[in-house]
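start.txt (compact mmCIF, C-alpha atoms) appears below.
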# COMPACT_ATOMS: atom_id res chain seq x y z
CA MET A 1 145.14 60.96 103.32
CA ILE A 2 141.71 59.88 102.12
CA ILE A 3 139.47 62.29 100.20
CA VAL A 4 135.77 61.44 99.99
CA GLN A 5 132.78 63.32 98.65
CA ALA A 6 129.97 60.77 98.99
CA ILE A 7 128.21 60.29 102.32
CA ASP A 8 128.20 56.49 102.00
CA ALA A 9 131.97 56.45 101.45
CA LEU A 10 132.47 58.68 104.46
CA ARG A 11 130.37 56.43 106.69
CA GLU A 12 132.09 53.24 105.57
CA GLU A 13 135.53 54.63 106.35
CA LEU A 14 134.42 55.93 109.73
CA LYS A 15 132.83 52.60 110.63
CA SER A 16 136.11 50.79 109.97
CA TRP A 17 137.94 53.26 112.22
CA ARG A 18 135.48 52.82 115.04
CA ARG A 19 135.69 49.04 114.81
CA ALA A 20 139.46 49.45 115.20
CA GLY A 21 138.94 51.52 118.35
CA GLU A 22 140.00 54.85 116.84
CA THR A 23 138.85 58.14 118.34
CA ILE A 24 137.75 60.76 115.84
CA ALA A 25 138.59 64.47 116.02
CA PHE A 26 136.78 66.74 113.57
CA VAL A 27 137.63 70.13 112.09
CA PRO A 28 134.84 71.68 109.98
CA THR A 29 136.00 74.36 107.52
CA MET A 30 134.87 76.26 104.45
CA GLY A 31 138.24 75.82 102.75
CA ASN A 32 140.61 78.54 101.54
CA LEU A 33 142.81 77.30 104.35
CA HIS A 34 145.56 79.18 106.17
CA ALA A 35 147.91 78.50 109.08
CA GLY A 36 145.11 79.01 111.58
CA HIS A 37 143.21 76.07 110.11
CA ILE A 38 146.31 73.89 110.20
CA ALA A 39 146.71 74.78 113.88
CA LEU A 40 143.20 73.38 114.41
CA VAL A 41 144.27 70.17 112.67
CA LYS A 42 147.37 69.92 114.85
CA ARG A 43 145.25 70.34 117.98
CA ALA A 44 142.82 67.71 116.67
CA GLN A 45 145.73 65.29 116.31
CA GLU A 46 146.41 65.71 120.03
CA LEU A 47 142.80 64.95 120.90
CA GLY A 48 141.99 62.02 118.61
CA SER A 49 143.73 59.16 116.86
CA LYS A 50 142.11 60.06 113.53
CA VAL A 51 141.45 63.56 112.18
CA VAL A 52 138.59 64.35 109.80
CA VAL A 53 138.39 67.76 108.09
CA SER A 54 135.38 68.91 106.10
CA ILE A 55 135.60 71.48 103.33
CA PHE A 56 132.20 72.88 102.47
CA VAL A 57 131.31 76.43 101.45
CA ASN A 58 127.94 76.47 103.16
CA PRO A 59 125.50 78.68 101.22
CA THR A 60 122.97 78.94 104.05
CA GLN A 61 125.29 80.94 106.33
CA PHE A 62 125.96 83.72 103.80
CA ASP A 63 123.70 86.75 104.15
CA ARG A 64 124.77 88.22 100.80
CA LYS A 65 124.76 86.31 97.49
CA GLU A 66 127.75 88.28 96.21
CA ASP A 67 129.77 87.20 99.25
CA LEU A 68 128.95 83.54 98.58
CA ALA A 69 129.88 83.91 94.91
CA ALA A 70 133.19 85.63 95.74
CA TYR A 71 134.31 83.20 98.45
CA PRO A 72 137.49 81.47 97.17
CA ARG A 73 137.26 77.77 96.30
CA THR A 74 140.77 76.34 96.57
CA LEU A 75 140.14 72.62 97.05
CA ALA A 76 143.32 71.23 95.49
CA ASP A 77 145.55 73.61 97.43
CA ASP A 78 143.59 72.98 100.62
CA CYS A 79 143.97 69.22 100.32
CA GLY A 80 147.72 69.64 99.83
CA LYS A 81 147.94 71.68 103.02
CA LEU A 82 145.86 69.16 104.94
CA GLN A 83 147.95 66.24 103.78
CA ALA A 84 151.10 68.05 104.89
CA GLY A 85 149.37 68.95 108.15
CA GLY A 86 148.53 65.35 108.97
CA ALA A 87 144.78 65.07 108.37
CA ASP A 88 143.57 61.50 107.83
CA LEU A 89 140.39 62.16 105.86
CA VAL A 90 138.91 65.14 104.02
CA PHE A 91 135.16 65.25 103.40
CA THR A 92 134.32 67.49 100.44
CA PRO A 93 130.53 67.47 99.92
CA THR A 94 128.83 69.62 97.31
CA PRO A 95 125.83 71.88 97.99
CA ALA A 96 123.70 69.44 95.98
CA LEU A 97 124.74 66.63 98.31
CA MET A 98 124.13 68.57 101.52
CA TYR A 99 120.97 70.30 100.26
CA PRO A 100 119.51 67.95 97.61
CA THR A 101 116.30 69.97 97.27
CA GLY A 102 118.06 73.32 97.37
CA GLY A 103 117.55 73.78 101.09
CA LEU A 104 116.39 72.03 104.25
CA ALA A 105 112.91 72.03 105.73
CA THR A 106 114.49 71.24 109.09
CA LYS A 107 116.66 73.93 110.67
CA VAL A 108 118.59 74.12 113.92
CA GLU A 109 118.43 77.43 115.75
CA VAL A 110 119.98 78.68 118.98
CA PRO A 111 117.69 81.59 119.89
CA GLY A 112 118.96 84.57 121.84
CA LEU A 113 122.67 83.98 121.49
CA SER A 114 122.36 83.79 117.69
CA GLU A 115 120.60 87.14 117.49
CA LEU A 116 123.35 89.25 119.08
CA LEU A 117 126.37 90.97 117.47
CA GLU A 118 127.17 88.95 114.34
CA GLY A 119 123.62 87.65 114.28
CA ALA A 120 122.25 91.19 114.28
CA SER A 121 124.65 92.25 111.52
CA ARG A 122 124.08 89.10 109.43
CA PRO A 123 120.47 87.93 109.83
CA GLY A 124 120.10 84.15 109.46
CA HIS A 125 123.85 83.57 109.60
CA PHE A 126 123.90 81.46 112.74
CA THR A 127 120.89 79.39 111.71
CA GLY A 128 122.91 78.38 108.66
CA VAL A 129 125.96 77.67 110.83
CA SER A 130 124.20 75.64 113.51
CA THR A 131 122.18 73.66 110.97
CA VAL A 132 125.15 72.65 108.83
CA VAL A 133 127.37 71.90 111.83
CA CYS A 134 124.62 69.76 113.34
CA LYS A 135 124.35 67.88 110.04
CA LEU A 136 128.13 67.43 109.81
CA PHE A 137 128.24 66.20 113.41
CA HIS A 138 125.55 63.65 112.54
CA LEU A 139 127.55 62.46 109.52
CA VAL A 140 130.99 62.31 111.17
CA GLN A 141 129.90 61.49 114.75
CA PRO A 142 133.19 62.75 116.18
CA ASP A 143 134.40 62.36 119.74
CA VAL A 144 135.76 65.89 119.67
CA ALA A 145 135.47 68.88 117.33
CA VAL A 146 137.91 71.80 117.21
CA PHE A 147 136.94 75.40 116.44
CA GLY A 148 138.91 78.65 116.46
CA GLU A 149 138.18 81.29 119.10
CA LYS A 150 138.46 84.04 116.48
CA ASP A 151 134.81 83.28 115.74
CA PHE A 152 133.98 83.64 119.44
CA GLN A 153 130.23 83.89 119.07
CA GLN A 154 130.11 80.96 116.65
CA LEU A 155 131.98 78.83 119.18
CA MET A 156 129.45 79.78 121.87
CA VAL A 157 126.53 78.95 119.56
CA ILE A 158 128.00 75.52 118.78
CA ARG A 159 128.64 74.78 122.46
CA GLN A 160 125.06 75.77 123.33
CA MET A 161 123.67 73.56 120.56
CA VAL A 162 125.74 70.58 121.73
CA ARG A 163 124.58 71.05 125.34
CA ASP A 164 120.93 71.54 124.46
CA LEU A 165 120.77 68.54 122.10
CA ASP A 166 122.82 66.25 124.40
CA MET A 167 125.42 65.57 121.73
CA ASP A 168 128.24 63.41 123.06
CA ILE A 169 130.93 65.61 121.51
CA HIS A 170 133.62 67.61 123.28
CA ILE A 171 133.97 71.07 121.75
CA GLU A 172 137.53 72.38 121.90
CA GLY A 173 138.30 76.06 121.34
CA LEU A 174 141.72 77.08 120.03
CA PRO A 175 143.03 80.61 120.76
CA THR A 176 143.12 82.94 117.77
CA VAL A 177 146.13 82.45 115.50
CA ARG A 178 147.56 85.79 114.41
CA GLU A 179 149.90 87.25 111.84
CA ALA A 180 153.13 88.84 113.06
CA ASP A 181 151.46 92.28 113.31
CA GLY A 182 148.52 90.95 115.33
CA LEU A 183 145.91 90.58 112.58
CA ALA A 184 143.73 87.54 113.22
CA MET A 185 144.22 84.98 110.47
CA SER A 186 141.11 84.69 108.31
CA SER A 187 140.21 83.41 104.88
CA ARG A 188 138.73 86.85 104.20
CA ASN A 189 142.09 88.57 104.67
CA GLY A 190 142.74 87.70 101.04
CA TYR A 191 140.18 90.35 100.08
CA LEU A 192 142.48 93.08 101.40
CA THR A 193 144.54 95.17 99.00
CA THR A 194 148.21 95.75 99.78
CA ALA A 195 147.39 99.17 101.22
CA GLU A 196 144.48 97.83 103.28
CA ARG A 197 146.58 94.99 104.63
CA LYS A 198 148.95 97.55 106.18
CA LEU A 199 145.99 99.03 108.07
CA ALA A 200 144.25 95.79 109.02
CA ALA A 201 146.01 95.17 112.33
CA GLY A 202 144.35 98.38 113.54
CA LEU A 203 141.27 96.35 114.52
CA GLN A 204 143.21 94.22 116.98
CA LEU A 205 145.09 97.30 118.20
CA THR A 206 141.81 99.09 118.90
CA LEU A 207 140.41 96.15 120.86
CA ARG A 208 143.69 95.91 122.78
CA GLU A 209 143.33 99.57 123.79
CA VAL A 210 139.90 98.81 125.22
CA VAL A 211 141.29 95.82 127.13
CA ASP A 212 144.12 97.93 128.53
CA ALA A 213 141.63 100.56 129.68
CA LEU A 214 139.53 97.89 131.40
CA HIS A 215 142.57 96.55 133.20
CA LYS A 216 143.22 100.12 134.39
CA SER A 217 139.80 100.05 136.08
CA ARG A 218 137.79 102.11 133.58
CA GLN A 219 134.16 101.18 134.02
CA ASP A 220 132.43 103.56 131.62
CA TYR A 221 131.78 100.81 129.12
CA ALA A 222 129.55 102.79 126.75
CA ALA A 223 132.15 105.55 126.47
CA LEU A 224 134.93 103.03 125.88
CA GLN A 225 132.94 101.45 123.07
CA ALA A 226 132.23 104.83 121.47
CA GLU A 227 135.90 105.81 121.69
CA ALA A 228 136.90 102.52 120.04
CA MET A 229 134.44 103.07 117.20
CA GLN A 230 135.94 106.49 116.57
CA ALA A 231 139.45 105.06 116.75
CA LEU A 232 138.53 102.55 114.04
CA VAL A 233 137.27 105.37 111.82
CA SER A 234 140.52 107.27 112.32
CA ARG A 235 142.45 104.13 111.34
CA GLY A 236 140.63 103.79 108.03
CA PHE A 237 137.86 101.34 108.94
CA GLN A 238 134.10 101.45 108.59
CA PRO A 239 133.19 100.03 112.01
CA ASP A 240 130.23 97.75 112.55
CA TYR A 241 130.50 97.34 116.31
CA VAL A 242 132.84 97.28 119.28
CA GLU A 243 131.26 95.70 122.33
CA ILE A 244 132.29 94.73 125.85
CA ARG A 245 130.36 91.60 126.73
CA ARG A 246 130.22 88.86 129.35
CA THR A 247 131.82 85.62 128.22
CA VAL A 248 129.14 83.51 129.86
CA ASP A 249 126.27 84.68 127.65
CA LEU A 250 127.51 87.60 125.48
CA LEU A 251 125.13 90.01 127.19
CA PRO A 252 126.40 93.56 127.81
CA ALA A 253 128.97 93.69 130.59
CA GLN A 254 128.01 95.27 133.89
CA VAL A 255 130.26 96.74 136.54
CA GLY A 256 131.33 93.84 138.72
CA ASP A 257 131.49 91.26 135.92
CA GLU A 258 134.92 89.66 135.87
CA ASN A 259 135.03 87.43 132.78
CA LEU A 260 134.65 89.62 129.72
CA VAL A 261 135.35 89.64 126.02
CA VAL A 262 135.88 92.69 123.82
CA LEU A 263 134.53 92.00 120.35
CA GLY A 264 134.76 94.08 117.20
CA SER A 265 133.84 94.02 113.55
CA ALA A 266 134.68 96.51 110.84
CA TRP A 267 134.88 96.81 107.08
CA LEU A 268 138.15 97.55 105.37
CA GLY A 269 137.48 97.82 101.66
CA LYS A 270 135.72 94.61 100.57
CA ALA A 271 136.78 92.69 103.68
CA ARG A 272 134.63 92.50 106.78
CA LEU A 273 137.00 91.68 109.63
CA ILE A 274 136.10 90.37 113.07
CA ASP A 275 138.23 89.89 116.16
CA ASN A 276 137.93 89.53 119.91
CA ILE A 277 140.05 89.55 123.06
CA PRO A 278 138.84 87.71 126.17
CA LEU A 279 139.98 89.00 129.56
CA THR A 280 139.48 88.47 133.27
CA LEU A 281 139.31 91.52 135.49
CA LYS A 282 140.80 91.39 138.95
CA LYS A 283 138.11 91.15 141.57
CA LEU A 284 137.87 94.33 143.61
CA THR A 285 138.29 93.55 147.28
CA GLU A 286 136.59 95.58 149.96
CA THR A 287 138.83 97.26 152.52
CA SER A 288 137.69 98.21 155.97

Whole structure, structure tokens version:
Amino acid sequence: MIIVQAIDALREELKSWRRAGETIAFVPTMGNLHAGHIALVKRAQELGSKVVVSIFVNPTQFDRKEDLAAYPRTLADDCGKLQAGGADLVFTPTPALMYPTGGLATKVEVPGLSELLEGASRPGHFTGVSTVVCKLFHLVQPDVAVFGEKDFQQLMVIRQMVRDLDMDIHIEGLPTVREADGLAMSSRNGYLTTAERKLAAGLQLTLREVVDALHKSRQDYAALQAEAMQALVSRGFQPDYVEIRRTVDLLPAQVGDENLVVLGSAWLGKARLIDNIPLTLKKLTETS
């Protein structure tokens, strides 16, 4: 496995691969890797002949300085996991390399979609995400890039950006990888204390209860959301939101919509957890 930090070194290696007819699959990460990330790498191996992984703790997508400062940097351990997982190249740029003047005058924004849910809770977050991913796509020029569906809204923002800017990149979403008790794997799970970890699967359980109610033909969406928020409180969380949205555009679901996603976010101690469950409702048929 090759590890490069300089942009010129990255480009030279990628040029040699392209001359050899290799197809490049890309997995962007912020490091502190877990089994969910390795699942992305494994899927990338199925989609390309060479797999590139980036590790970059992107300062522009953090809405709180203390969160950026606390985010674990585990580069050596991450590279060991990636080598065992079969990655071919790891790109490890520094903030000074990606933002040589401390920031970028040019920014990439996906209006509307970026302002909902996570965007409302974390102002500026998705501008940081879309800008850095656009820059990484420009540097790596992959044929395909793989993202986890745990960050459902992020995946939608990236897909919208790729469509709008006519990027010749296939965006592959991988279903959420979970712990045995249902907790979505996340780098932020490491913030949980032992006691909090025992409660953490309650977020997924709460969303599952909403999904079950929807499958049982409940259509009072606002009441379902309010009940889920209260359920999170009773399970020890400080809820941020629970929302029933349309998968096509993340706008609030209306009666008659079939393809939905239930999304939730809540604090548990120092950890802000997010999760989602997509679902398709059976179409109601008219009887005469």

| request: Provide the CA of Ala105 in chain A to CA of Thr60 in chain A distance in Å, to one decimal place. | output: 12.3 Å

| request: Name the closest residue to Leu214 in chain A among the candidates A:Arg122, A:Arg188, A:Lys282, A:His170; distances are taken between atoms, counting all atoms listed in the file. | output: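 Looking only at the distances to Leu214 in chain A, the closest residue turns out to be A:Lys282.
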
| How would you write as a list in words the residues that get within 9 Å of (142.0, 56.4, 119.4) in the file's frame, counting only C-alpha atoms? |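 Residues close enough to count: Trp17, Arg18, Ala20, Gly21, Glu22, Thr23, Ile24, Leu47, Gly48, Ser49 and Lys50 of chain A.
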
| field | Gap from CA of Gln83 in chain A to CA of Gly148 in chain A - Å, one decimal | value |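 Separation of CA of Gln83 in chain A and CA of Gly148 in chain A: 19.9 Å.
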
| query | Using all atoms listed in the file, which residues sit within 12 Å of Pro95 in chain A once same-chain residues fewer than 6 positions away are excluded, as a PyMOL selection string? | reply | chain A and resi 5-6+30+55-60+101-104+132

| said: Given all atoms listed in the file as the basis, pick out the residue of A:Cys79, A:Ala9, A:Leu199, A:Ala69 nearest to Leu33 in chain A. | reply: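 Of all the options, A:Cys79 lies closest to Leu33 in chain A.
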
Using the partial input, fill out range 161-189 of chain A with N, CA and C atoms; write the result as an mmCIF file, keeping the file's coordinate frame.
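Below is the file result.cif, written as the result:
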data_model
loop_
_atom_site.group_PDB
_atom_site.id
_atom_site.type_symbol
_atom_site.label_atom_id
_atom_site.label_comp_id
_atom_site.auth_asym_id
_atom_site.auth_seq_id
_atom_site.Cartn_x
_atom_site.Cartn_y
_atom_site.Cartn_z
ATOM 1 N N MET A 161 124.395 74.577 121.321
ATOM 2 C CA MET A 161 123.670 73.560 120.560
ATOM 3 C C MET A 161 124.012 72.156 121.062
ATOM 4 N N VAL A 162 125.293 71.902 121.273
ATOM 5 C CA VAL A 162 125.740 70.580 121.730
ATOM 6 C C VAL A 162 125.163 70.268 123.112
ATOM 7 N N ARG A 163 125.162 71.263 124.009
ATOM 8 C CA ARG A 163 124.580 71.050 125.340
ATOM 9 C C ARG A 163 123.082 70.792 125.255
ATOM 10 N N ASP A 164 122.390 71.630 124.503
ATOM 11 C CA ASP A 164 120.930 71.540 124.460
ATOM 12 C C ASP A 164 120.447 70.245 123.806
ATOM 13 N N LEU A 165 121.186 69.746 122.834
ATOM 14 C CA LEU A 165 120.770 68.540 122.100
ATOM 15 C C LEU A 165 121.461 67.281 122.622
ATOM 16 N N ASP A 166 122.173 67.410 123.751
ATOM 17 C CA ASP A 166 122.820 66.250 124.400
ATOM 18 C C ASP A 166 123.713 65.477 123.441
ATOM 19 N N MET A 167 124.468 66.218 122.621
ATOM 20 C CA MET A 167 125.420 65.570 121.730
ATOM 21 C C MET A 167 126.659 65.147 122.517
ATOM 22 N N ASP A 168 127.085 63.934 122.331
ATOM 23 C CA ASP A 168 128.240 63.410 123.060
ATOM 24 C C ASP A 168 129.526 63.778 122.314
ATOM 25 N N ILE A 169 129.769 65.086 122.231
ATOM 26 C CA ILE A 169 130.930 65.610 121.510
ATOM 27 C C ILE A 169 131.589 66.674 122.377
ATOM 28 N N HIS A 170 132.883 66.556 122.581
ATOM 29 C CA HIS A 170 133.620 67.610 123.280
ATOM 30 C C HIS A 170 133.979 68.704 122.286
ATOM 31 N N ILE A 171 133.650 69.942 122.613
ATOM 32 C CA ILE A 171 133.970 71.070 121.750
ATOM 33 C C ILE A 171 135.206 71.771 122.297
ATOM 34 N N GLU A 172 136.258 71.785 121.511
ATOM 35 C CA GLU A 172 137.530 72.380 121.900
ATOM 36 C C GLU A 172 137.716 73.710 121.180
ATOM 37 N N GLY A 173 138.010 74.755 121.941
ATOM 38 C CA GLY A 173 138.300 76.060 121.340
ATOM 39 C C GLY A 173 139.796 76.301 121.306
ATOM 40 N N LEU A 174 140.297 76.782 120.174
ATOM 41 C CA LEU A 174 141.720 77.080 120.030
ATOM 42 C C LEU A 174 141.899 78.591 119.963
ATOM 43 N N PRO A 175 142.804 79.157 120.791
ATOM 44 C CA PRO A 175 143.030 80.610 120.760
ATOM 45 C C PRO A 175 143.345 81.113 119.356
ATOM 46 N N THR A 176 142.950 82.335 119.087
ATOM 47 C CA THR A 176 143.120 82.940 117.770
ATOM 48 C C THR A 176 144.579 82.912 117.321
ATOM 49 N N VAL A 177 144.790 82.457 116.106
ATOM 50 C CA VAL A 177 146.130 82.450 115.500
ATOM 51 C C VAL A 177 146.279 83.759 114.733
ATOM 52 N N ARG A 178 147.397 84.449 114.964
ATOM 53 C CA ARG A 178 147.560 85.790 114.410
ATOM 54 C C ARG A 178 148.787 85.903 113.518
ATOM 55 N N GLU A 179 148.727 86.885 112.629
ATOM 56 C CA GLU A 179 149.900 87.250 111.840
ATOM 57 C C GLU A 179 150.889 87.973 112.752
ATOM 58 N N ALA A 180 152.083 88.226 112.244
ATOM 59 C CA ALA A 180 153.130 88.840 113.060
ATOM 60 C C ALA A 180 152.711 90.213 113.605
ATOM 61 N N ASP A 181 151.879 90.941 112.866
ATOM 62 C CA ASP A 181 151.460 92.280 113.310
ATOM 63 C C ASP A 181 150.194 92.256 114.162
ATOM 64 N N GLY A 182 149.683 91.073 114.464
ATOM 65 C CA GLY A 182 148.520 90.950 115.330
ATOM 66 C C GLY A 182 147.208 90.712 114.622
ATOM 67 N N LEU A 183 147.150 90.835 113.310
ATOM 68 C CA LEU A 183 145.910 90.580 112.580
ATOM 69 C C LEU A 183 145.495 89.120 112.737
ATOM 70 N N ALA A 184 144.240 88.900 113.110
ATOM 71 C CA ALA A 184 143.730 87.540 113.220
ATOM 72 C C ALA A 184 143.697 86.895 111.837
ATOM 73 N N MET A 185 144.239 85.681 111.752
ATOM 74 C CA MET A 185 144.220 84.980 110.470
ATOM 75 C C MET A 185 142.787 84.664 110.077
ATOM 76 N N SER A 186 142.455 84.914 108.817
ATOM 77 C CA SER A 186 141.110 84.690 108.310
ATOM 78 C C SER A 186 141.172 84.473 106.810
ATOM 79 N N SER A 187 140.294 83.620 106.319
ATOM 80 C CA SER A 187 140.210 83.410 104.880
ATOM 81 C C SER A 187 139.848 84.696 104.142
ATOM 82 N N ARG A 188 139.161 85.594 104.828
ATOM 83 C CA ARG A 188 138.730 86.850 104.200
ATOM 84 C C ARG A 188 139.844 87.888 104.127
ATOM 85 N N ASN A 189 140.971 87.625 104.775
ATOM 86 C CA ASN A 189 142.090 88.570 104.670
ATOM 87 C C ASN A 189 142.593 88.677 103.240
#
